[in-house]
file structure16.csv (CSV, C-alpha atoms and all ligand atoms)
chain,number,residue,atom,x,y,z
N,1,MET,CA,12.6,-85.8,52.5
N,2,ASN,CA,9.3,-86.7,50.9
N,3,THR,CA,6.2,-84.9,52.2
N,4,PRO,CA,4.2,-87.3,54.2
N,5,ARG,CA,0.8,-88.4,52.8
N,6,LEU,CA,-1.8,-87.5,55.3
N,7,ILE,CA,-4.7,-89.9,56.2
N,8,PHE,CA,-7.2,-88.5,58.7
N,9,VAL,CA,-8.8,-90.8,61.2
N,10,ASP,CA,-12.0,-89.3,62.6
N,11,ILE,CA,-13.0,-91.3,65.7
N,12,ASP,CA,-16.7,-91.5,66.7
N,13,THR,CA,-17.6,-87.8,66.2
N,14,GLN,CA,-21.3,-88.7,66.6
N,15,ARG,CA,-24.0,-86.7,68.3
N,16,ASP,CA,-24.4,-89.0,71.3
N,17,PHE,CA,-20.8,-88.2,72.2
N,18,LEU,CA,-20.5,-84.6,71.2
N,19,ASP,CA,-24.0,-83.0,71.7
N,20,PRO,CA,-24.4,-81.6,75.3
N,21,ASN,CA,-27.6,-83.7,75.7
N,22,GLY,CA,-26.2,-86.8,73.9
N,23,ALA,CA,-26.6,-90.2,75.5
N,24,LEU,CA,-22.9,-90.4,76.4
N,25,SER,CA,-21.8,-86.8,76.2
N,26,VAL,CA,-18.1,-86.4,76.6
N,27,PRO,CA,-17.1,-83.6,79.0
N,28,ASP,CA,-16.1,-80.4,77.3
N,29,ALA,CA,-16.4,-81.9,73.8
N,30,GLN,CA,-18.1,-78.7,72.6
N,31,ALA,CA,-14.7,-77.1,72.8
N,32,ILE,CA,-13.2,-79.2,70.0
N,33,ARG,CA,-16.0,-78.9,67.5
N,34,PRO,CA,-14.4,-75.9,65.7
N,35,ASN,CA,-11.2,-77.8,65.3
N,36,LEU,CA,-13.0,-80.9,64.0
N,37,ALA,CA,-14.8,-78.7,61.5
N,38,ARG,CA,-11.4,-77.3,60.3
N,39,LEU,CA,-9.9,-80.7,59.9
N,40,ILE,CA,-12.7,-82.2,57.9
N,41,GLN,CA,-13.0,-79.1,55.7
N,42,LEU,CA,-9.3,-79.4,55.0
N,43,ALA,CA,-9.6,-83.0,54.1
N,44,CYS,CA,-12.5,-82.3,51.7
N,45,GLN,CA,-10.6,-79.4,50.2
N,46,LEU,CA,-7.4,-81.4,49.6
N,47,HIS,CA,-9.1,-84.7,48.8
N,48,LEU,CA,-7.3,-86.4,51.7
N,49,PRO,CA,-8.4,-89.9,52.6
N,50,VAL,CA,-10.5,-90.1,55.8
N,51,ILE,CA,-11.3,-93.1,57.9
N,52,ALA,CA,-14.3,-92.2,60.0
N,53,SER,CA,-15.3,-94.7,62.7
N,54,ALA,CA,-18.8,-94.8,64.1
N,55,CYS,CA,-20.4,-96.7,67.0
N,56,ALA,CA,-23.4,-98.5,65.5
N,57,HIS,CA,-25.3,-100.3,68.2
N,58,ARG,CA,-28.7,-102.0,68.5
N,59,LEU,CA,-30.5,-102.5,71.7
N,60,ASP,CA,-30.6,-106.3,71.3
N,61,ASP,CA,-26.9,-106.6,70.4
N,62,PRO,CA,-24.7,-108.3,73.0
N,63,ASP,CA,-23.1,-105.4,74.9
N,64,PRO,CA,-19.3,-105.7,74.8
N,65,GLU,CA,-18.8,-102.1,76.1
N,66,PRO,CA,-19.0,-100.8,79.6
N,67,PHE,CA,-21.4,-98.0,78.7
N,68,PRO,CA,-25.1,-97.2,78.7
N,69,PRO,CA,-26.9,-97.5,75.4
N,70,HIS,CA,-25.6,-95.0,72.8
N,71,CYS,CA,-25.3,-94.4,69.0
N,72,LEU,CA,-28.3,-96.7,68.4
N,73,VAL,CA,-28.7,-97.2,64.6
N,74,GLY,CA,-31.7,-95.2,63.4
N,75,THR,CA,-31.6,-92.6,66.1
N,76,PRO,CA,-30.2,-89.1,65.8
N,77,GLY,CA,-27.5,-89.8,68.3
N,78,HIS,CA,-25.9,-92.2,65.8
N,79,ASP,CA,-25.5,-89.4,63.3
N,80,ARG,CA,-22.2,-87.6,62.8
N,81,ILE,CA,-22.2,-84.0,64.0
N,82,PRO,CA,-22.7,-81.5,61.2
N,83,GLU,CA,-19.0,-80.4,61.4
N,84,THR,CA,-17.7,-83.9,60.4
N,85,ASN,CA,-20.6,-85.2,58.4
N,86,VAL,CA,-19.6,-85.9,54.8
N,87,PRO,CA,-22.7,-86.9,52.8
N,88,THR,CA,-20.7,-88.7,50.1
N,89,THR,CA,-19.1,-91.1,52.6
N,90,HIS,CA,-18.9,-94.8,51.8
N,91,ILE,CA,-20.2,-96.9,54.7
N,92,LEU,CA,-18.7,-100.3,55.5
N,93,GLY,CA,-20.2,-102.4,58.4
N,94,PRO,CA,-18.2,-105.1,60.0
N,95,ASP,CA,-20.1,-107.7,58.0
N,96,HIS,CA,-20.1,-106.0,54.7
N,97,ARG,CA,-18.3,-108.0,52.0
N,98,ASP,CA,-18.1,-105.4,49.3
N,99,ASP,CA,-14.8,-104.1,48.2
N,100,LEU,CA,-13.7,-100.6,48.6
N,101,PRO,CA,-14.4,-98.4,45.5
N,102,ALA,CA,-11.0,-97.2,44.3
N,103,SER,CA,-12.3,-93.6,44.2
N,104,ALA,CA,-13.6,-93.5,47.8
N,105,ARG,CA,-11.8,-90.9,49.9
N,106,HIS,CA,-14.2,-90.8,52.9
N,107,ILE,CA,-15.0,-94.2,54.5
N,108,THR,CA,-17.3,-94.6,57.5
N,109,LEU,CA,-16.5,-97.8,59.4
N,110,HIS,CA,-19.4,-99.0,61.6
N,111,LYS,CA,-18.3,-100.9,64.7
N,112,ARG,CA,-20.0,-102.6,67.7
N,113,THR,CA,-17.1,-102.3,70.2
N,114,TYR,CA,-14.9,-99.3,70.9
N,115,ASP,CA,-11.9,-100.5,68.8
N,116,VAL,CA,-12.2,-99.5,65.1
N,117,PHE,CA,-10.1,-102.6,64.3
N,118,SER,CA,-13.0,-104.8,65.4
N,119,ASN,CA,-14.2,-103.9,61.8
N,120,PRO,CA,-12.0,-106.0,59.5
N,121,HIS,CA,-12.1,-103.3,56.9
N,122,ALA,CA,-10.0,-101.1,59.1
N,123,SER,CA,-6.9,-103.3,58.6
N,124,ARG,CA,-7.6,-103.4,54.9
N,125,LEU,CA,-7.7,-99.6,54.7
N,126,VAL,CA,-4.5,-99.2,56.6
N,127,THR,CA,-2.8,-101.6,54.3
N,128,THR,CA,-4.2,-99.8,51.3
N,129,TRP,CA,-3.5,-96.2,52.4
N,130,GLY,CA,-0.6,-96.7,54.9
N,131,GLY,CA,3.1,-97.3,54.3
N,132,PRO,CA,6.4,-95.7,55.1
N,133,ASN,CA,5.5,-92.3,53.7
N,134,ALA,CA,2.0,-92.2,55.3
N,135,ARG,CA,1.0,-90.3,58.4
N,136,PHE,CA,-2.2,-91.1,60.2
N,137,VAL,CA,-3.7,-88.0,61.9
N,138,VAL,CA,-6.1,-89.1,64.6
N,139,PHE,CA,-8.8,-87.0,66.3
N,140,GLY,CA,-12.2,-87.3,67.9
N,141,VAL,CA,-13.5,-89.0,71.0
N,142,ALA,CA,-13.0,-90.4,73.4
N,143,THR,CA,-9.2,-90.3,74.2
N,144,ASP,CA,-9.4,-92.9,76.9
N,145,TYR,CA,-11.4,-95.5,74.8
N,146,CYS,CA,-11.9,-95.3,71.1
N,147,VAL,CA,-9.1,-92.9,70.2
N,148,ARG,CA,-6.6,-94.9,72.3
N,149,ALA,CA,-7.6,-98.1,70.7
N,150,ALA,CA,-7.3,-96.7,67.2
N,151,VAL,CA,-3.8,-95.3,67.9
N,152,LEU,CA,-2.6,-98.6,69.4
N,153,GLY,CA,-4.0,-100.5,66.4
N,154,LEU,CA,-2.2,-98.2,64.0
N,155,LEU,CA,1.1,-98.4,65.9
N,156,ASP,CA,0.8,-102.2,66.0
N,157,ARG,CA,0.5,-102.1,62.2
N,158,GLY,CA,3.8,-100.2,62.0
N,159,GLN,CA,2.2,-96.8,61.0
N,160,GLN,CA,3.2,-93.3,61.8
N,161,VAL,CA,0.6,-91.7,64.0
N,162,TRP,CA,0.0,-88.1,65.0
N,163,ILE,CA,-2.7,-87.3,67.6
N,164,VAL,CA,-4.3,-83.9,67.4
N,165,ALA,CA,-4.3,-82.9,71.0
N,166,ASP,CA,-6.8,-80.0,70.6
N,167,ALA,CA,-9.3,-82.1,68.7
N,168,ILE,CA,-9.7,-84.9,71.2
N,169,ARG,CA,-11.5,-85.2,74.6
N,170,ALA,CA,-11.7,-88.0,77.2
N,171,VAL,CA,-14.6,-89.4,79.2
N,172,ASP,CA,-12.3,-89.0,82.2
N,173,PRO,CA,-10.3,-85.8,81.6
N,174,THR,CA,-8.1,-86.5,84.6
N,175,ALA,CA,-6.9,-89.7,82.8
N,176,GLU,CA,-6.0,-88.0,79.5
N,177,PRO,CA,-2.4,-86.7,80.3
N,178,ALA,CA,-1.2,-90.2,81.4
N,179,ILE,CA,-2.8,-91.9,78.3
N,180,LEU,CA,-1.2,-89.4,75.9
N,181,THR,CA,2.2,-89.8,77.6
N,182,ASP,CA,1.9,-93.6,77.2
N,183,LEU,CA,0.9,-93.3,73.5
N,184,VAL,CA,3.9,-91.0,72.9
N,185,ARG,CA,6.2,-93.4,74.7
N,186,ARG,CA,4.9,-96.1,72.3
N,187,GLY,CA,5.7,-94.0,69.2
N,188,ALA,CA,2.9,-91.6,68.6
N,189,THR,CA,3.5,-87.8,68.1
N,190,LEU,CA,1.3,-85.1,69.6
N,191,THR,CA,0.3,-82.2,67.4
N,192,VAL,CA,-2.4,-79.5,67.1
N,193,THR,CA,-4.9,-78.5,64.5
N,194,ASP,CA,-3.0,-75.3,63.4
N,195,ARG,CA,0.1,-77.4,62.7
N,196,ILE,CA,-1.8,-80.0,60.6
N,197,CYS,CA,-3.6,-77.3,58.6
N,198,ARG,CA,-0.4,-75.4,58.0
N,199,ASP,CA,1.6,-78.5,56.9
N,200,ALA,CA,-1.1,-79.8,54.7
N,201,LEU,CA,-1.5,-76.5,52.9
N,202,ALA,CA,2.3,-76.0,52.6
N,203,SER,CA,2.6,-79.4,51.0
N,204,LEU,CA,0.7,-78.0,48.0
N,205,GLU,CA,3.2,-75.3,47.3
N,301,ZN,ZN,-20.1,-97.7,71.3

call {"tool": "encode", "arguments": {"input": "structure16.csv", "output": "C-alpha cells"}}
result
Amino acid sequence: MNTPRLIFVDIDTQRDFLDPNGALSVPDAQAIRPNLARLIQLACQLHLPVIASACAHRLDDPDPEPFPPHCLVGTPGHDRIPETNVPTTHILGPDHRDDLPASARHITLHKRTYDVFSNPHASRLVTTWGGPNARFVVFGVATDYCVRAAVLGLLDRGQQVWIVADAIRAVDPTAEPAILTDLVRRGATLTVTDRICRDALASLE
C-alpha cells in the first residue's frame, strides 16, 4: 500500500480562542497547545502542506455567527498563537482572486463564518492537494463548530479525514463525544498526536 500523503488542517488556532483571556476562549484549550506545536513543527520539518483557517471579522461586518465579537482583523486576538504561527504563510481571503503559488506549503484561509469552505479557495486547495492517496489531518478549535464544519466539508468532497483527538477542544466539552461519534460514523477516523508524528517520520524511512 502506498504511504498516504498527509495534509494538515489547522483550524482557527488564534489567540482569541486559545489564550485564557481571549475574547472567545475555548475551555481547557491550553492543554492542547503542546500538541499543536508538535504538529506544526512536524509539518515545517517535513514540508507537509498545511491549510490554516482563521476567523477574520470586522465590527461592521454582518454577523453570521452566534458569537460575541472575536478575531477582529488588526487586533492581537486575530493572530495565530506562537505555536502554530508560520511567518512564511500565504494568506488568501475569501475575495482574493490571486492564484496559489505552486511552491506554497502553508496557506492561511481567512473566513467570516465558522465554515472554512465559506472561503472558495478551500475547495480549490482540496482539489489540488487531495485525492485517493491523501489524508487530511484535522486539529484546532472548536470541535463543535469550525472543526466539525471542516471535517464535514472534507468528507463531502470524498476525502480521507483523520481528527487528532488530543489536539482539539470544544466550546461545550459535554457535546464533544457525541460530535466525534457522529463524525466517525460519517467516515472520519480518530487519532492522536503521537500516532501522526510516528507515522509521518516512519514514512521517511
Ligand atoms: Zn468567527

call {"tool": "closest_atom_pairs", "arguments": {"input": "structure16.csv", "of": "chain N", "to": "ligand ZN 301 (chain N)", "cutoff": "8 Å", "atoms": "only C-alpha atoms and all ligand atoms", "output": "Markdown table"}}
result
| residue | atom | partner | partner_atom | distance |
| --- | --- | --- | --- | --- |
| N:Ala54 | CA | N:ZN301 | ZN | 7.9 |
| N:Cys55 | CA | N:ZN301 | ZN | 4.4 |
| N:Ala56 | CA | N:ZN301 | ZN | 6.7 |
| N:His57 | CA | N:ZN301 | ZN | 6.6 |
| N:Glu65 | CA | N:ZN301 | ZN | 6.6 |
| N:Phe67 | CA | N:ZN301 | ZN | 7.5 |
| N:Pro69 | CA | N:ZN301 | ZN | 7.9 |
| N:His70 | CA | N:ZN301 | ZN | 6.3 |
| N:Cys71 | CA | N:ZN301 | ZN | 6.6 |
| N:Lys111 | CA | N:ZN301 | ZN | 7.6 |
| N:Arg112 | CA | N:ZN301 | ZN | 6.1 |
| N:Thr113 | CA | N:ZN301 | ZN | 5.6 |
| N:Tyr114 | CA | N:ZN301 | ZN | 5.5 |

call {"tool": "closest_residue", "arguments": {"input": "structure16.csv", "among": "N:Thr191, N:Gln45, N:Thr174, N:Thr128", "to": "N:Leu100", "atoms": "only C-alpha atoms"}}
result
N:Thr128

call {"tool": "residues_around", "arguments": {"input": "structure16.csv", "residues": "stretch 4-20 of chain N", "least_positions_apart": "4", "cutoff": "9 Å", "atoms": "only C-alpha atoms", "output": "MDAnalysis selection string"}}
result
chainID N and resid 24:30 33 36 39:40 43 48:55 70:71 76:85 116 129:130 132:142 146:147 150 200 203

call {"tool": "residues_around", "arguments": {"input": "structure16.csv", "residues": "N:Asp95", "least_positions_apart": "4", "cutoff": "10 Å", "atoms": "only C-alpha atoms", "output": "PyMOL selection string"}}
result
chain N and resi 110-111+119-121

call {"tool": "atom_distance", "arguments": {"input": "structure16.csv", "atom1": "atom CA of N:Tyr145", "atom2": "atom CA of N:Ile179"}}
result
10.0 Å
